[in-house]
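What follows is final_28.json (JSON, C-alpha atoms).
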```json
[["chain", "number", "residue", "atom", "x", "y", "z"],
["A", 1, "MET", "CA", 28.71, 5.15, 44.79],
["A", 2, "ASP", "CA", 28.67, 3.49, 48.21],
["A", 3, "ILE", "CA", 25.21, 1.92, 48.50],
["A", 4, "ALA", "CA", 25.56, 1.59, 52.29],
["A", 5, "ALA", "CA", 26.20, 5.34, 52.56],
["A", 6, "VAL", "CA", 23.18, 6.09, 50.36],
["A", 7, "ARG", "CA", 21.03, 3.80, 52.51],
["A", 8, "THR", "CA", 22.28, 5.57, 55.62],
["A", 9, "PHE", "CA", 21.46, 8.97, 54.09],
["A", 10, "VAL", "CA", 17.87, 7.90, 53.34],
["A", 11, "ALA", "CA", 17.51, 6.37, 56.80],
["A", 12, "ALA", "CA", 18.67, 9.63, 58.39],
["A", 13, "VAL", "CA", 16.15, 11.61, 56.33],
["A", 14, "ASP", "CA", 13.30, 9.28, 57.28],
["A", 15, "ALA", "CA", 14.29, 9.16, 60.96],
["A", 16, "GLY", "CA", 15.03, 12.89, 61.28],
["A", 17, "ARG", "CA", 18.03, 12.29, 63.58],
["A", 18, "PHE", "CA", 21.33, 10.47, 63.15],
["A", 19, "GLN", "CA", 20.79, 8.68, 66.47],
["A", 20, "SER", "CA", 17.42, 7.30, 65.32],
["A", 21, "ALA", "CA", 18.90, 6.28, 61.96],
["A", 22, "ALA", "CA", 21.69, 4.43, 63.79],
["A", 23, "ALA", "CA", 19.12, 2.46, 65.79],
["A", 24, "ARG", "CA", 17.22, 1.53, 62.61],
["A", 25, "LEU", "CA", 20.42, 0.35, 60.89],
["A", 26, "SER", "CA", 21.83, -1.35, 64.00],
["A", 27, "ILE", "CA", 25.06, 0.66, 63.81],
["A", 28, "SER", "CA", 26.59, 3.38, 65.98],
["A", 29, "GLN", "CA", 25.74, 7.05, 65.61],
["A", 30, "GLN", "CA", 29.42, 7.64, 64.84],
["A", 31, "ALA", "CA", 29.18, 5.18, 61.93],
["A", 32, "VAL", "CA", 26.17, 7.09, 60.56],
["A", 33, "SER", "CA", 28.10, 10.37, 60.72],
["A", 34, "LYS", "CA", 31.14, 8.82, 58.99],
["A", 35, "ARG", "CA", 29.08, 7.30, 56.17],
["A", 36, "ILE", "CA", 27.24, 10.54, 55.45],
["A", 37, "ALA", "CA", 30.47, 12.56, 55.62],
["A", 38, "ALA", "CA", 32.06, 10.16, 53.10],
["A", 39, "LEU", "CA", 29.01, 10.49, 50.82],
["A", 40, "GLU", "CA", 29.20, 14.29, 51.00],
["A", 41, "ARG", "CA", 32.89, 14.13, 50.04],
["A", 42, "ASP", "CA", 32.10, 11.89, 47.07],
["A", 43, "LEU", "CA", 29.33, 14.20, 45.88],
["A", 44, "GLY", "CA", 31.16, 17.43, 46.69],
["A", 45, "VAL", "CA", 28.14, 18.95, 48.44],
["A", 46, "GLN", "CA", 26.69, 19.23, 51.95],
["A", 47, "LEU", "CA", 23.57, 17.11, 52.39],
["A", 48, "PHE", "CA", 22.59, 17.96, 55.99],
["A", 49, "VAL", "CA", 22.82, 20.81, 58.44],
["A", 50, "ARG", "CA", 22.57, 20.11, 62.18],
["A", 51, "THR", "CA", 19.87, 22.02, 64.06],
["A", 52, "ALA", "CA", 18.35, 21.80, 67.50],
["A", 53, "ARG", "CA", 15.55, 19.78, 65.98],
["A", 54, "GLY", "CA", 17.89, 17.28, 64.31],
["A", 55, "ALA", "CA", 19.43, 16.84, 60.86],
["A", 56, "GLN", "CA", 17.83, 19.02, 58.19],
["A", 57, "LEU", "CA", 18.33, 18.56, 54.47],
["A", 58, "THR", "CA", 20.13, 21.25, 52.51],
["A", 59, "ILE", "CA", 18.87, 22.23, 49.06],
["A", 60, "ASP", "CA", 21.41, 19.79, 47.57],
["A", 61, "GLY", "CA", 20.17, 17.10, 49.94],
["A", 62, "GLN", "CA", 16.59, 17.70, 48.82],
["A", 63, "VAL", "CA", 17.61, 17.39, 45.18],
["A", 64, "PHE", "CA", 19.60, 14.20, 45.84],
["A", 65, "LEU", "CA", 16.91, 12.46, 47.94],
["A", 66, "PRO", "CA", 14.56, 11.16, 45.18],
["A", 67, "HIS", "CA", 17.54, 9.85, 43.19],
["A", 68, "ALA", "CA", 18.87, 8.13, 46.32],
["A", 69, "ARG", "CA", 15.51, 6.40, 46.82],
["A", 70, "THR", "CA", 15.53, 5.32, 43.13],
["A", 71, "LEU", "CA", 19.03, 3.95, 43.53],
["A", 72, "LEU", "CA", 18.06, 1.85, 46.55],
["A", 73, "HIS", "CA", 14.98, 0.57, 44.72],
["A", 74, "ALA", "CA", 17.14, -0.43, 41.75],
["A", 75, "GLU", "CA", 19.50, -2.28, 44.10],
["A", 76, "GLU", "CA", 16.59, -4.21, 45.56],
["A", 77, "GLN", "CA", 15.27, -5.10, 42.11],
["A", 78, "ALA", "CA", 18.73, -6.23, 41.00],
["A", 79, "ALA", "CA", 19.08, -8.50, 44.04],
["A", 80, "ALA", "CA", 15.54, -9.84, 43.66],
["A", 81, "SER", "CA", 16.10, -10.68, 40.00],
["A", 82, "VAL", "CA", 18.61, -13.39, 40.88],
["A", 83, "ARG", "CA", 17.16, -14.73, 44.09],
["A", 84, "PRO", "CA", 16.22, -18.42, 43.78],
["A", 85, "GLY", "CA", 12.93, -18.70, 41.95],
["A", 86, "ARG", "CA", 12.79, -15.01, 40.99],
["A", 87, "ARG", "CA", 15.09, -14.78, 37.96],
["A", 88, "ALA", "CA", 13.37, -15.42, 34.64],
["A", 89, "LEU", "CA", 14.15, -18.80, 33.07],
["A", 90, "ARG", "CA", 16.29, -18.09, 29.99],
["A", 91, "VAL", "CA", 15.55, -20.50, 27.13],
["A", 92, "ASP", "CA", 17.08, -20.60, 23.64],
["A", 93, "VAL", "CA", 15.00, -21.69, 20.65],
["A", 94, "VAL", "CA", 16.18, -22.30, 17.10],
["A", 95, "GLY", "CA", 13.65, -19.81, 15.70],
["A", 96, "ARG", "CA", 10.74, -17.77, 16.99],
["A", 97, "ARG", "CA", 8.44, -19.03, 14.20],
["A", 98, "LEU", "CA", 9.38, -22.69, 14.55],
["A", 99, "ALA", "CA", 8.18, -25.56, 16.70],
["A", 100, "PRO", "CA", 10.51, -25.04, 19.70],
["A", 101, "ALA", "CA", 9.09, -21.55, 20.24],
["A", 102, "GLY", "CA", 5.62, -23.11, 20.21],
["A", 103, "LEU", "CA", 6.70, -25.63, 22.85],
["A", 104, "VAL", "CA", 7.92, -22.81, 25.08],
["A", 105, "ARG", "CA", 4.69, -20.84, 24.50],
["A", 106, "ASP", "CA", 2.68, -23.88, 25.59],
["A", 107, "PHE", "CA", 4.83, -24.14, 28.72],
["A", 108, "HIS", "CA", 4.19, -20.46, 29.47],
["A", 109, "LEU", "CA", 0.43, -20.99, 29.16],
["A", 110, "ALA", "CA", 0.65, -23.94, 31.54],
["A", 111, "HIS", "CA", 2.96, -22.11, 34.00],
["A", 112, "PRO", "CA", 2.32, -18.35, 33.72],
["A", 113, "GLU", "CA", 3.86, -17.84, 37.17],
["A", 114, "ILE", "CA", 7.34, -18.71, 35.85],
["A", 115, "GLY", "CA", 9.10, -15.78, 34.20],
["A", 116, "LEU", "CA", 10.60, -16.50, 30.78],
["A", 117, "ASP", "CA", 13.32, -14.88, 28.73],
["A", 118, "VAL", "CA", 13.35, -16.41, 25.22],
["A", 119, "VAL", "CA", 16.45, -15.94, 23.05],
["A", 120, "THR", "CA", 17.67, -17.22, 19.68],
["A", 121, "LEU", "CA", 21.33, -18.18, 19.38],
["A", 122, "PRO", "CA", 23.05, -18.74, 16.01],
["A", 123, "GLY", "CA", 23.40, -22.52, 16.22],
["A", 124, "ALA", "CA", 23.68, -25.65, 18.34],
["A", 125, "ASP", "CA", 27.35, -25.11, 19.16],
["A", 126, "ALA", "CA", 26.63, -21.63, 20.53],
["A", 127, "ALA", "CA", 23.63, -22.97, 22.43],
["A", 128, "VAL", "CA", 25.60, -25.82, 24.02],
["A", 129, "ASP", "CA", 28.38, -23.41, 25.03],
["A", 130, "ALA", "CA", 25.81, -21.02, 26.52],
["A", 131, "VAL", "CA", 24.17, -23.82, 28.52],
["A", 132, "ARG", "CA", 27.56, -25.05, 29.75],
["A", 133, "SER", "CA", 28.71, -21.58, 30.80],
["A", 134, "GLY", "CA", 25.38, -20.67, 32.42],
["A", 135, "LEU", "CA", 24.50, -17.84, 30.01],
["A", 136, "ILE", "CA", 21.19, -19.62, 29.36],
["A", 137, "ASP", "CA", 19.27, -22.19, 31.38],
["A", 138, "ALA", "CA", 18.10, -24.41, 28.54],
["A", 139, "SER", "CA", 17.95, -24.80, 24.78],
["A", 140, "ILE", "CA", 15.68, -26.74, 22.42],
["A", 141, "ARG", "CA", 17.82, -28.01, 19.54],
["A", 142, "ALA", "CA", 18.68, -30.99, 17.38],
["A", 143, "VAL", "CA", 21.60, -32.75, 19.11],
["A", 144, "THR", "CA", 24.22, -33.80, 18.76],
["A", 145, "MET", "CA", 26.11, -32.55, 15.72],
["A", 146, "PRO", "CA", 27.81, -35.34, 13.73],
["A", 147, "GLY", "CA", 30.99, -36.54, 15.41],
["A", 148, "ARG", "CA", 30.58, -34.34, 18.49],
["A", 149, "ARG", "CA", 29.58, -35.06, 22.06],
["A", 150, "LEU", "CA", 27.90, -32.91, 24.65],
["A", 151, "PRO", "CA", 30.28, -31.43, 27.25],
["A", 152, "ASP", "CA", 30.41, -32.99, 30.69],
["A", 153, "GLY", "CA", 27.55, -31.74, 32.80],
["A", 154, "VAL", "CA", 25.27, -30.86, 29.86],
["A", 155, "GLU", "CA", 22.33, -33.22, 29.47],
["A", 156, "ALA", "CA", 19.73, -33.66, 26.74],
["A", 157, "THR", "CA", 16.41, -35.42, 26.43],
["A", 158, "PRO", "CA", 14.21, -35.75, 23.32],
["A", 159, "VAL", "CA", 11.03, -33.69, 23.47],
["A", 160, "LEU", "CA", 9.63, -33.67, 19.93],
["A", 161, "ASP", "CA", 10.20, -35.60, 16.70],
["A", 162, "GLU", "CA", 8.63, -33.23, 14.18],
["A", 163, "PRO", "CA", 7.47, -34.81, 10.88],
["A", 164, "LEU", "CA", 8.53, -32.91, 7.78],
["A", 165, "ARG", "CA", 6.11, -31.99, 5.00],
["A", 166, "LEU", "CA", 6.86, -31.25, 1.36],
["A", 167, "PHE", "CA", 5.87, -27.68, 0.53],
["A", 168, "VAL", "CA", 5.02, -27.01, -3.14],
["A", 169, "GLY", "CA", 3.11, -24.65, -5.40],
["A", 170, "PRO", "CA", -0.03, -25.52, -7.42],
["A", 171, "THR", "CA", 1.87, -26.43, -10.63],
["A", 172, "HIS", "CA", 4.45, -28.73, -9.01],
["A", 173, "GLU", "CA", 4.32, -32.39, -10.06],
["A", 174, "PHE", "CA", 3.37, -33.44, -6.49],
["A", 175, "ALA", "CA", 0.76, -30.70, -6.00],
["A", 176, "THR", "CA", -2.24, -33.05, -6.19],
["A", 177, "ALA", "CA", -0.72, -35.93, -4.18],
["A", 178, "ALA", "CA", -2.28, -36.86, -0.83],
["A", 179, "THR", "CA", 1.11, -38.14, 0.36],
["A", 180, "VAL", "CA", 4.55, -38.51, -1.20],
["A", 181, "ALA", "CA", 6.85, -41.43, -0.53],
["A", 182, "THR", "CA", 10.14, -40.01, 0.69],
["A", 183, "ALA", "CA", 12.06, -42.14, -1.83],
["A", 184, "ARG", "CA", 10.36, -40.17, -4.65],
["A", 185, "LEU", "CA", 12.40, -37.10, -3.67],
["A", 186, "ALA", "CA", 15.40, -38.65, -5.44],
["A", 187, "GLY", "CA", 16.68, -36.36, -8.18],
["A", 188, "ARG", "CA", 14.45, -33.47, -7.11],
["A", 189, "ARG", "CA", 15.56, -29.97, -6.12],
["A", 190, "ILE", "CA", 14.74, -28.71, -2.63],
["A", 191, "TRP", "CA", 15.24, -24.97, -2.18],
["A", 192, "MET", "CA", 16.46, -23.90, 1.28],
["A", 193, "PRO", "CA", 18.29, -20.55, 1.06],
["A", 194, "GLY", "CA", 18.30, -20.23, 4.87],
["A", 195, "ASN", "CA", 20.63, -23.19, 5.36],
["A", 196, "ILE", "CA", 23.92, -22.00, 6.86],
["A", 197, "ARG", "CA", 27.09, -24.08, 6.98],
["A", 198, "GLY", "CA", 27.99, -25.25, 10.46],
["A", 199, "THR", "CA", 24.44, -25.25, 11.85],
["A", 200, "GLU", "CA", 22.67, -28.32, 13.10],
["A", 201, "TRP", "CA", 19.76, -27.91, 10.68],
["A", 202, "THR", "CA", 22.10, -27.82, 7.67],
["A", 203, "ALA", "CA", 23.82, -30.96, 8.98],
["A", 204, "TYR", "CA", 20.40, -32.61, 9.24],
["A", 205, "TYR", "CA", 19.30, -31.70, 5.71],
["A", 206, "ASP", "CA", 22.68, -32.62, 4.19],
["A", 207, "GLU", "CA", 22.39, -36.13, 5.63],
["A", 208, "PHE", "CA", 18.72, -36.32, 4.65],
["A", 209, "ALA", "CA", 19.59, -35.39, 1.06],
["A", 210, "ALA", "CA", 22.44, -37.90, 0.92],
["A", 211, "ALA", "CA", 20.21, -40.68, 2.25],
["A", 212, "PHE", "CA", 17.39, -40.12, -0.27],
["A", 213, "GLY", "CA", 19.21, -38.74, -3.30],
["A", 214, "PHE", "CA", 17.77, -35.24, -3.66],
["A", 215, "THR", "CA", 19.63, -31.92, -3.91],
["A", 216, "VAL", "CA", 19.43, -29.13, -1.34],
["A", 217, "ASP", "CA", 19.78, -25.83, -3.22],
["A", 218, "THR", "CA", 20.94, -22.90, -1.06],
["A", 219, "ILE", "CA", 21.57, -20.56, -3.99],
["A", 220, "GLY", "CA", 20.41, -16.97, -3.61],
["A", 221, "PRO", "CA", 20.20, -14.64, -0.64],
["A", 222, "ASP", "CA", 17.72, -15.43, 2.10],
["A", 223, "PHE", "CA", 15.11, -12.65, 1.84],
["A", 224, "GLY", "CA", 12.85, -14.27, 4.43],
["A", 225, "ILE", "CA", 9.81, -16.49, 4.48],
["A", 226, "GLU", "CA", 7.54, -14.18, 2.44],
["A", 227, "VAL", "CA", 9.86, -14.26, -0.58],
["A", 228, "LEU", "CA", 10.25, -18.03, -0.22],
["A", 229, "LEU", "CA", 6.45, -18.43, -0.28],
["A", 230, "ASP", "CA", 6.17, -16.26, -3.39],
["A", 231, "THR", "CA", 8.89, -18.20, -5.20],
["A", 232, "ILE", "CA", 7.52, -21.65, -4.32],
["A", 233, "ALA", "CA", 4.02, -20.58, -5.40],
["A", 234, "GLU", "CA", 5.26, -19.54, -8.86],
["A", 235, "SER", "CA", 7.54, -22.54, -9.54],
["A", 236, "SER", "CA", 6.70, -25.91, -11.05],
["A", 237, "THR", "CA", 10.03, -27.45, -9.99],
["A", 238, "LEU", "CA", 11.05, -25.91, -6.67],
["A", 239, "ALA", "CA", 9.93, -27.38, -3.35],
["A", 240, "THR", "CA", 10.99, -26.97, 0.25],
["A", 241, "PHE", "CA", 10.30, -28.54, 3.64],
["A", 242, "LEU", "CA", 8.01, -27.16, 6.32],
["A", 243, "THR", "CA", 5.99, -28.70, 9.14],
["A", 244, "ASP", "CA", 2.48, -28.53, 10.50],
["A", 245, "ARG", "CA", 3.87, -26.63, 13.49],
["A", 246, "THR", "CA", 5.27, -23.77, 11.41],
["A", 247, "PRO", "CA", 2.69, -20.94, 11.78],
["A", 248, "LEU", "CA", 2.48, -19.41, 8.30],
["A", 249, "VAL", "CA", -0.18, -17.45, 6.45],
["A", 250, "TRP", "CA", 0.01, -16.90, 2.70],
["A", 251, "PRO", "CA", -2.25, -15.22, 0.12],
["A", 252, "VAL", "CA", -5.16, -17.37, -1.02],
["A", 253, "GLY", "CA", -4.05, -16.98, -4.64],
["A", 254, "HIS", "CA", -0.78, -18.78, -3.93],
["A", 255, "ASP", "CA", -2.67, -22.09, -3.46],
["A", 256, "LEU", "CA", 0.34, -23.66, -1.71],
["A", 257, "ARG", "CA", 0.31, -27.31, -0.65],
["A", 258, "LEU", "CA", 1.77, -28.96, 2.47],
["A", 259, "ILE", "CA", 2.05, -32.68, 1.68],
["A", 260, "PRO", "CA", 2.93, -35.44, 4.17],
["A", 261, "LEU", "CA", 6.03, -37.53, 3.45],
["A", 262, "CYS", "CA", 5.83, -41.24, 4.24],
["A", 263, "ASP", "CA", 7.50, -44.66, 4.13],
["A", 264, "PRO", "CA", 9.51, -43.51, 6.04],
["A", 265, "THR", "CA", 8.45, -40.16, 7.46],
["A", 266, "PRO", "CA", 11.48, -37.90, 8.03],
["A", 267, "VAL", "CA", 11.39, -36.33, 11.49],
["A", 268, "TYR", "CA", 13.37, -33.39, 12.77],
["A", 269, "PRO", "CA", 14.44, -34.31, 16.33],
["A", 270, "HIS", "CA", 14.18, -31.56, 18.96],
["A", 271, "SER", "CA", 15.82, -32.13, 22.35],
["A", 272, "LEU", "CA", 15.95, -30.07, 25.51],
["A", 273, "LEU", "CA", 19.49, -29.28, 26.68],
["A", 274, "TRP", "CA", 20.32, -28.13, 30.21],
["A", 275, "ARG", "CA", 23.16, -28.20, 32.72],
["A", 276, "ALA", "CA", 22.72, -30.90, 35.33],
["A", 277, "ASP", "CA", 23.67, -28.67, 38.27],
["A", 278, "ASN", "CA", 21.44, -25.73, 37.30],
["A", 279, "PRO", "CA", 19.26, -25.06, 40.39],
["A", 280, "HIS", "CA", 16.62, -22.86, 38.75],
["A", 281, "PRO", "CA", 13.23, -24.26, 39.89],
["A", 282, "GLY", "CA", 11.62, -23.31, 36.58],
["A", 283, "LEU", "CA", 13.99, -25.64, 34.74],
["A", 284, "THR", "CA", 12.55, -28.70, 36.44],
["A", 285, "ALA", "CA", 9.04, -27.55, 35.56],
["A", 286, "LEU", "CA", 10.07, -27.01, 31.92],
["A", 287, "ARG", "CA", 11.62, -30.47, 31.63],
["A", 288, "GLU", "CA", 8.63, -32.18, 33.19],
["A", 289, "HIS", "CA", 6.19, -30.25, 30.98],
["A", 290, "LEU", "CA", 8.02, -30.97, 27.72],
["A", 291, "VAL", "CA", 8.53, -34.66, 28.43],
["A", 292, "ALA", "CA", 4.93, -35.15, 29.57],
["A", 293, "SER", "CA", 3.41, -33.26, 26.63],
["A", 294, "ALA", "CA", 5.61, -34.72, 23.86],
["A", 295, "PRO", "CA", 3.39, -36.52, 21.34],
["A", 296, "GLU", "CA", 3.99, -40.11, 20.35],
["A", 297, "HIS", "CA", 4.51, -41.02, 16.70],
["A", 298, "PRO", "CA", 1.17, -41.49, 14.90],
["A", 299, "TYR", "CA", 2.77, -41.83, 11.45],
["A", 300, "GLY", "CA", 4.52, -45.21, 11.25],
["A", 301, "ARG", "CA", 8.11, -45.62, 10.15],
["A", 302, "THR", "CA", 10.42, -42.68, 10.58],
["A", 303, "TRP", "CA", 13.87, -41.53, 9.50],
["A", 304, "ALA", "CA", 16.39, -39.35, 11.31],
["A", 305, "PRO", "CA", 20.19, -39.08, 11.06],
["A", 306, "GLY", "CA", 22.23, -41.55, 13.05],
["A", 307, "TRP", "CA", 23.60, -38.73, 15.24],
["A", 308, "ALA", "CA", 20.16, -37.41, 16.17],
["A", 309, "ARG", "CA", 18.38, -38.12, 19.43],
["A", 310, "THR", "CA", 14.81, -39.28, 18.76],
["A", 311, "ARG", "CA", 11.90, -40.25, 20.96],
["A", 312, "ARG", "CA", 11.96, -43.86, 19.80],
["A", 313, "ALA", "CA", 14.46, -46.06, 18.01],
["A", 314, "ALA", "CA", 12.02, -47.51, 15.45],
["A", 315, "SER", "CA", 13.03, -45.88, 12.18],
["A", 316, "THR", "CA", 13.73, -46.99, 8.68],
["A", 317, "LEU", "CA", 16.43, -46.36, 6.12],
["A", 318, "PRO", "CA", 15.99, -46.10, 2.37],
["A", 319, "PRO", "CA", 17.67, -48.87, 0.33],
["A", 320, "ASP", "CA", 21.49, -48.73, 0.38],
["A", 321, "ALA", "CA", 21.57, -45.95, 3.01],
["A", 322, "ASP", "CA", 24.07, -46.43, 5.82],
["A", 323, "SER", "CA", 22.90, -43.92, 8.40],
["A", 324, "GLY", "CA", 19.78, -43.01, 10.30],
["A", 325, "ARG", "CA", 17.61, -44.94, 12.69]]
```
Translate the structure of the given file into structure tokens.
Amino acid sequence: MDIAAVRTFVAAVDAGRFQSAAARLSISQQAVSKRIAALERDLGVQLFVRTARGAQLTIDGQVFLPHARTLLHAEEQAAASVRPGRRALRVDVVGRRLAPAGLVRDFHLAHPEIGLDVVTLPGADAAVDAVRSGLIDASIRAVTMPGRRLPDGVEATPVLDEPLRLFVGPTHEFATAATVATARLAGRRIWMPGNIRGTEWTAYYDEFAAAFGFTVDTIGPDFGIEVLLDTIAESSTLATFLTDRTPLVWPVGHDLRLIPLCDPTPVYPHSLLWRADNPHPGLTALREHLVASAPEHPYGRTWAPGWARTRRAASTLPPDADSGR
């Protein structure tokens, strides 16, 4: 439907005469008549009748009027949604219950005036492609994947190195430990049914396991976090990795333990990705907020894969390992 013709129709109704509508729209009266005639042809009905007192709506015109006003309002909203500074900032996070979502929530609390649209894409490759193509404004991910580089124009800066914790039930051998040296994971079984081949988090944990000699077990369908909590609580051998920033609540009877890993502390490196030529004003605010609020390391030596971007280079490898920083 011709929006200009609809706007002319509404202007003619509000003005009461085609001549007055023409003056409001800064067009000729003949142009007003042509637009309304074209609209009537498209709709197959007569919208006005001419009288001595001006243009009067027909019954069909009266029925069409509220829908015409709604259509013009929708056009204005559509245009406003993409005007500079008006469109919501679209940010991808690796999971809505993980640390990146918390970082974005903190940004929203600090800048409630900036609209946000939070999405979750299936992996780093999809996120990088979406940033490059402009489908999203930013993503918080571990970058880069082993052997791959970011496309030209896509930039990344570290915003959080998140220390991992060992998550065990009350009968696990490490259940009473205040801390666990990361080297003691060697030969142990870490259960992570949510690890998916081709994702950046699976690449991280595969290299982590290879560096410290433990096994990542992905056997079994992923029934979600509640089933994982139940299984870990009942097992004396299974463990998994979580962090202090993972907001979880479990039944008191589970008596689950979240134990710091140390010497070195493995960190999961989150970076903000964005396209350098993206003009959205909220993107600058997001970058500045995340960089300014990123915590420094309070936990000594750290480990991360060699391909990961971390907030500082000081990291340590286990004996005989050949990757990491």
Atom CA of A:Ser139 to atom CA of A:Pro247: how many Å, to one decimal?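 Interatomic distance here is 20.4 Å.
Of the residues listed (A:Gln77, A:Ser235, A:Gln62, A:Thr182), A:Thr182 shows the shortest atom-to-atom separation from A:Ile259; distances use only C-alpha atoms.
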Quick one, how far is atom CA of A:Leu261 from atom CA of A:Thr179? 5.8 Å
Using all atoms listed in the file: which of A:Val13, A:Ile27, A:Ala80, A:Leu256 has the shortest distance to A:Ala68: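 Residue with the minimum atom-to-atom distance to A:Ala68: A:Val13.
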Among listed residues A:Leu290, A:Leu273, A:Ala55, A:Leu39, nearest A:Ala156 (using only C-alpha atoms):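 Of the candidates, the smallest distance to A:Ala156 is held by A:Leu273.
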Can you tell me which residues surround A:Arg69 at a distance of at most 9 Å, considering only C-alpha atoms, apart from same-chain residues fewer than 6 positions away, and format the answer as a PyMOL selection string? chain A and resi 6-7+10
What's the 12 Å shell around A:Pro112, counting only C-alpha atoms, without same-chain residues fewer than 2 positions away, as a PyMOL selection string? chain A and resi 88-89+104-110+114-116+282+285-286
Using all atoms listed in the file, determine which residues lie at most 12 Å from A:Val216, disregarding the query and same-chain residues fewer than 5 positions distant; provide the list as a PyMOL selection string. chain A and resi 185-196+202-210+238-241
May I ask for the distance between atom CA of A:Ala294 and atom CA of A:Trp201, given in Å to one decimal place? 20.5 Å
